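The next block is final32.cif, given as mmCIF, C-alpha atoms.
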data_entry
loop_
_atom_site.label_atom_id
_atom_site.label_comp_id
_atom_site.auth_asym_id
_atom_site.auth_seq_id
_atom_site.Cartn_x
_atom_site.Cartn_y
_atom_site.Cartn_z
CA MET B 1 69.49 97.96 103.50
CA MET B 2 66.81 100.51 104.33
CA ALA B 3 63.25 99.43 105.07
CA GLY B 4 61.24 99.04 101.89
CA GLU B 5 64.33 99.17 99.69
CA SER B 6 64.87 96.44 97.11
CA PRO B 7 68.16 94.52 97.18
CA THR B 8 69.06 95.92 93.76
CA MET B 9 68.53 99.51 94.91
CA ALA B 10 70.46 98.83 98.12
CA GLY B 11 73.26 97.42 95.97
CA LYS B 12 73.40 100.55 93.83
CA THR B 13 73.38 102.84 96.86
CA GLY B 14 75.97 100.75 98.69
CA LEU B 15 78.16 100.56 95.60
CA ARG B 16 78.08 104.34 95.19
CA ARG B 17 78.84 104.96 98.86
CA GLY B 18 81.58 102.32 98.98
CA LEU B 19 83.30 103.69 95.89
CA ILE B 20 83.17 107.25 97.21
CA GLY B 21 84.59 106.12 100.56
CA SER B 22 87.31 104.09 98.84
CA VAL B 23 88.37 107.00 96.63
CA ILE B 24 88.44 109.45 99.53
CA ALA B 25 90.40 107.03 101.74
CA ALA B 26 92.85 106.25 98.93
CA ILE B 27 93.44 109.94 98.21
CA CYS B 28 94.03 110.61 101.90
CA CYS B 29 96.29 107.53 102.29
CA PHE B 30 98.49 107.91 99.24
CA THR B 31 98.78 111.67 98.81
CA PRO B 32 99.87 114.40 101.23
CA LEU B 33 96.46 116.11 100.95
CA LEU B 34 95.23 115.18 104.43
CA VAL B 35 98.62 115.92 105.98
CA VAL B 36 98.50 119.47 104.60
CA VAL B 37 94.91 119.98 105.77
CA VAL B 38 95.60 118.61 109.27
CA ALA B 39 98.81 120.62 109.60
CA GLY B 40 97.01 123.74 108.39
CA ALA B 41 94.46 123.23 111.16
CA GLY B 42 97.26 123.06 113.73
CA LEU B 43 96.84 119.36 114.45
CA SER B 44 100.14 118.08 113.07
CA ALA B 45 100.64 115.93 116.18
CA ILE B 46 98.09 113.42 114.85
CA VAL B 47 99.65 113.08 111.39
CA GLY B 48 101.61 109.99 112.48
CA TRP B 49 98.41 108.27 113.59
CA LEU B 50 96.32 108.96 110.48
CA ASP B 51 97.28 105.69 108.82
CA TYR B 52 95.77 103.72 111.70
CA ALA B 53 92.37 105.11 110.74
CA LEU B 54 92.69 105.60 106.99
CA PHE B 55 93.75 102.11 105.92
CA PRO B 56 90.99 100.30 107.85
CA MET B 57 88.56 102.86 106.39
CA LEU B 58 89.84 101.99 102.92
CA PHE B 59 89.41 98.26 103.55
CA ALA B 60 85.95 98.78 105.06
CA SER B 61 84.90 100.83 102.02
CA LEU B 62 86.13 98.07 99.73
CA GLY B 63 84.11 95.65 101.85
CA VAL B 64 80.99 97.78 101.31
CA VAL B 65 81.70 97.66 97.57
CA ALA B 66 82.02 93.85 97.66
CA HIS B 67 78.74 93.47 99.57
CA ALA B 68 76.95 95.88 97.22
CA LEU B 69 78.21 93.92 94.23
CA TRP B 70 76.79 90.74 95.77
CA LEU B 71 73.44 92.47 96.32
CA GLN B 72 73.37 93.73 92.75
CA ALA B 73 74.22 90.31 91.34
CA GLY B 74 71.09 88.90 92.95
CA ARG B 75 72.71 85.62 93.85
CA PRO B 76 70.70 83.48 96.22
CA GLY B 77 72.32 81.76 99.14
CA ARG B 78 74.25 82.85 102.15
CA CYS B 79 75.26 86.47 102.45
CA PRO B 80 79.06 86.92 102.36
CA LYS B 81 78.91 89.76 104.92
CA ASN B 82 80.71 87.79 107.67
CA LEU B 83 83.47 86.76 105.28
CA ILE B 84 83.86 90.36 104.09
CA VAL B 85 84.11 91.66 107.68
CA LEU B 86 86.70 88.97 108.44
CA ALA B 87 88.73 90.00 105.38
CA VAL B 88 88.63 93.67 106.42
CA VAL B 89 89.82 92.82 109.94
CA VAL B 90 92.57 90.48 108.69
CA LEU B 91 93.86 93.03 106.16
CA SER B 92 93.92 95.77 108.80
CA ALA B 93 95.67 93.48 111.28
CA LEU B 94 98.26 92.47 108.67
CA LEU B 95 98.97 96.10 107.93
CA PHE B 96 99.45 96.90 111.62
CA TRP B 97 101.56 93.78 112.15
CA PHE B 98 103.88 94.62 109.24
CA GLU B 99 104.02 98.20 110.53
CA PHE B 100 102.80 99.63 107.21
CA ARG B 101 105.85 98.32 105.31
CA PHE B 102 103.67 96.71 102.64
CA ALA B 103 100.77 99.17 102.77
CA LEU B 104 100.64 99.89 99.05
CA ARG B 105 100.93 96.23 98.09
CA ILE B 106 98.24 95.11 100.54
CA SER B 107 95.91 97.94 99.46
CA VAL B 108 96.35 97.17 95.77
CA ALA B 109 95.81 93.46 96.46
CA ALA B 110 92.57 94.27 98.32
CA ALA B 111 91.32 96.44 95.45
CA LEU B 112 92.23 93.75 92.91
CA ALA B 113 90.46 91.13 95.02
CA VAL B 114 87.26 93.21 94.96
CA ALA B 115 87.62 93.72 91.19
CA GLY B 116 88.14 89.97 90.72
CA TYR B 117 85.07 89.29 92.87
CA ALA B 118 83.05 91.68 90.68
CA LEU B 119 84.19 89.89 87.53
CA TRP B 120 83.37 86.51 89.05
CA LEU B 121 79.89 87.67 90.05
CA ARG B 122 79.27 89.12 86.60
CA LYS B 123 80.50 86.02 84.80
CA ALA B 124 78.65 83.57 87.05
CA GLY B 125 75.37 85.50 86.83
CA PRO B 126 72.38 84.81 89.03
CA ARG B 127 71.82 81.17 89.89
CA GLY B 128 68.39 79.70 89.43
CA GLY B 129 67.18 82.05 86.70
CA ALA B 130 63.82 83.26 88.02
CA THR B 131 64.99 83.23 91.64
CA ASP B 132 66.85 86.48 91.13
CA ARG B 133 65.88 88.52 94.19
CA GLY B 134 65.74 91.86 92.43
CA ARG B 135 63.77 90.69 89.39
CA ALA B 136 61.47 88.31 91.25
CA ALA B 137 60.28 91.14 93.48
CA GLU B 138 59.42 93.26 90.44
CA LYS B 139 57.22 90.64 88.72
CA PRO B 140 53.50 91.29 89.16
CA LEU B 141 51.38 88.56 90.64
CA SER B 142 48.43 87.14 88.70
CA THR B 143 45.10 88.58 89.68
CA ALA B 144 42.01 86.58 90.51
CA PRO B 145 40.02 87.66 87.38
CA ASP B 146 42.89 86.41 85.20
CA LEU B 147 42.63 83.01 86.81
CA LEU B 148 38.88 82.87 86.33
CA THR B 149 38.91 83.87 82.65
CA SER B 150 41.66 81.50 81.59
CA ARG B 151 40.34 78.42 79.89
CA ASN B 152 41.93 75.08 80.40
CA PRO B 153 41.08 72.74 77.49
CA ARG B 154 40.68 69.15 78.56
#

Turn the structure described in the file into structure tokens.
Amino acid sequence: MMAGESPTMAGKTGLRRGLIGSVIAAICCFTPLLVVVVAGAGLSAIVGWLDYALFPMLFASLGVVAHALWLQAGRPGRCPKNLIVLAVVVLSALLFWFEFRFALRISVAAALAVAGYALWLRKAGPRGGATDRGRAAEKPLSTAPDLLTSRNPR
């Protein structure tokens, strides 16, 4: 989150960036587009190693999407950033351990997990009503003249 940026705005920016990164990584992972570009540049020796960078990039982008969704939901409590980072590392390690045999299945499961998380956040809504971080920051505070002019009948 940038300095002076509200959590809701940071959520929108992070969501946009995470989705763009996820789409680019998915296109490069599951189509021969990047292979053609790399081979055209004369770097076909690295084609076999592209998956070691692209799949973790895909999982990291999905992690950015999950964190941005949490920011947009305005849910108070502990930030799930550590859990998201752990999930990204575990998914990448599983993919390396299985030697990319289940790459499509693991990638689809990760995307579905983020979609399920988004649905859960939307359905659960912000807890505590007025404690929504994004909306609470936008509410104006009462001014001193308002307090002086209000009458309290006894």

If I take atom CA of Phe100 of chain B and atom CA of Ala68 of chain B, how far is one from the other in Å, to one decimal?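 Atom-to-atom, atom CA of Phe100 of chain B to atom CA of Ala68 of chain B, that is 28.0 Å.
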
Chain and number of each residue from the PyMOL selection byres ((chain B and resi 14) around 9), as a PyMOL selection string: chain B and resi 1+9-13+15-19+64-65+67-69+71

Store the residues picked out above, limited to C-alpha atoms, as an mmCIF file, keeping the file's coordinate frame.
data_model
loop_
_atom_site.group_PDB
_atom_site.id
_atom_site.type_symbol
_atom_site.label_atom_id
_atom_site.label_comp_id
_atom_site.auth_asym_id
_atom_site.auth_seq_id
_atom_site.Cartn_x
_atom_site.Cartn_y
_atom_site.Cartn_z
ATOM 1 C CA MET B 1 69.490 97.960 103.500
ATOM 2 C CA MET B 9 68.530 99.510 94.910
ATOM 3 C CA ALA B 10 70.460 98.830 98.120
ATOM 4 C CA GLY B 11 73.260 97.420 95.970
ATOM 5 C CA LYS B 12 73.400 100.550 93.830
ATOM 6 C CA THR B 13 73.380 102.840 96.860
ATOM 7 C CA LEU B 15 78.160 100.560 95.600
ATOM 8 C CA ARG B 16 78.080 104.340 95.190
ATOM 9 C CA ARG B 17 78.840 104.960 98.860
ATOM 10 C CA GLY B 18 81.580 102.320 98.980
ATOM 11 C CA LEU B 19 83.300 103.690 95.890
ATOM 12 C CA VAL B 64 80.990 97.780 101.310
ATOM 13 C CA VAL B 65 81.700 97.660 97.570
ATOM 14 C CA HIS B 67 78.740 93.470 99.570
ATOM 15 C CA ALA B 68 76.950 95.880 97.220
ATOM 16 C CA LEU B 69 78.210 93.920 94.230
ATOM 17 C CA LEU B 71 73.440 92.470 96.320
#

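Minimum atom-to-atom distance to Leu119 of chain B, evaluated using all atoms listed in the file, belongs to B:Ala73 out of B:Ala73, B:Val85, B:Leu104, B:Val90.
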
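The two atoms in question, atom CA of Ala103 of chain B and atom CA of Pro56 of chain B, are spaced 11.1 Å apart.
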
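What separates atom CA of Leu58 of chain B from atom CA of Gly21 of chain B is a distance of 7.1 Å.
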
Hey, what's within 9 Å of Val88 of chain B if we count all atoms listed in the file and toss same-chain stuff fewer than 2 positions away? As number ranges by chain, please? B: 56, 59-60, 62-63, 83-86, 90-93

Expand the PyMOL selection byres ((chain B and resi 54) around 10) into the individual residues it matches in the shown file, reporting them as a list in words.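 For this structure, the PyMOL selection byres ((chain B and resi 54) around 10) resolves to Ser22, Ile24, Ala25, Ala26, Ile27, Cys28, Cys29, Phe30, Trp49, Leu50, Asp51, Tyr52, Ala53, Phe55, Pro56, Met57, Leu58, Phe59 and Ala60 of chain B.
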
Restricting the calculation to only C-alpha atoms, which member of B:Phe98, B:Ser6, B:Gly40, B:Ala66 is positioned closest to Gly116 of chain B?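 Smallest distance to Gly116 of chain B is found for B:Ala66.
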
Could segment 26-39 of chain B be completed with N, CA and C atoms and written as a tab-separated table (two decimals), in the frame of the given file, please?
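Saved file result33.tsv follows:
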chain	number	residue	atom	x	y	z
B	26	ALA	N	91.63	106.44	99.71
B	26	ALA	CA	92.85	106.25	98.93
B	26	ALA	C	93.57	107.58	98.69
B	27	ILE	N	92.81	108.63	98.41
B	27	ILE	CA	93.44	109.94	98.21
B	27	ILE	C	94.12	110.40	99.50
B	28	CYS	N	93.45	110.19	100.62
B	28	CYS	CA	94.03	110.61	101.90
B	28	CYS	C	95.21	109.73	102.31
B	29	CYS	N	95.20	108.45	101.92
B	29	CYS	CA	96.29	107.53	102.29
B	29	CYS	C	97.54	107.76	101.45
B	30	PHE	N	97.36	107.95	100.16
B	30	PHE	CA	98.49	107.91	99.24
B	30	PHE	C	98.94	109.27	98.73
B	31	THR	N	98.33	110.32	99.18
B	31	THR	CA	98.78	111.67	98.81
B	31	THR	C	98.94	112.49	100.09
B	32	PRO	N	99.69	113.57	100.03
B	32	PRO	CA	99.87	114.40	101.23
B	32	PRO	C	98.72	115.36	101.48
B	33	LEU	N	97.59	115.18	100.82
B	33	LEU	CA	96.46	116.11	100.95
B	33	LEU	C	95.99	116.23	102.40
B	34	LEU	N	95.73	115.13	103.06
B	34	LEU	CA	95.23	115.18	104.43
B	34	LEU	C	96.28	115.71	105.40
B	35	VAL	N	97.54	115.41	105.12
B	35	VAL	CA	98.62	115.92	105.98
B	35	VAL	C	98.65	117.44	105.94
B	36	VAL	N	98.50	118.01	104.75
B	36	VAL	CA	98.50	119.47	104.60
B	36	VAL	C	97.29	120.08	105.30
B	37	VAL	N	96.12	119.45	105.14
B	37	VAL	CA	94.91	119.98	105.77
B	37	VAL	C	95.02	119.91	107.29
B	38	VAL	N	95.48	118.78	107.81
B	38	VAL	CA	95.60	118.61	109.27
B	38	VAL	C	96.65	119.57	109.83
B	39	ALA	N	97.77	119.70	109.13
B	39	ALA	CA	98.81	120.62	109.60
B	39	ALA	C	98.33	122.06	109.52
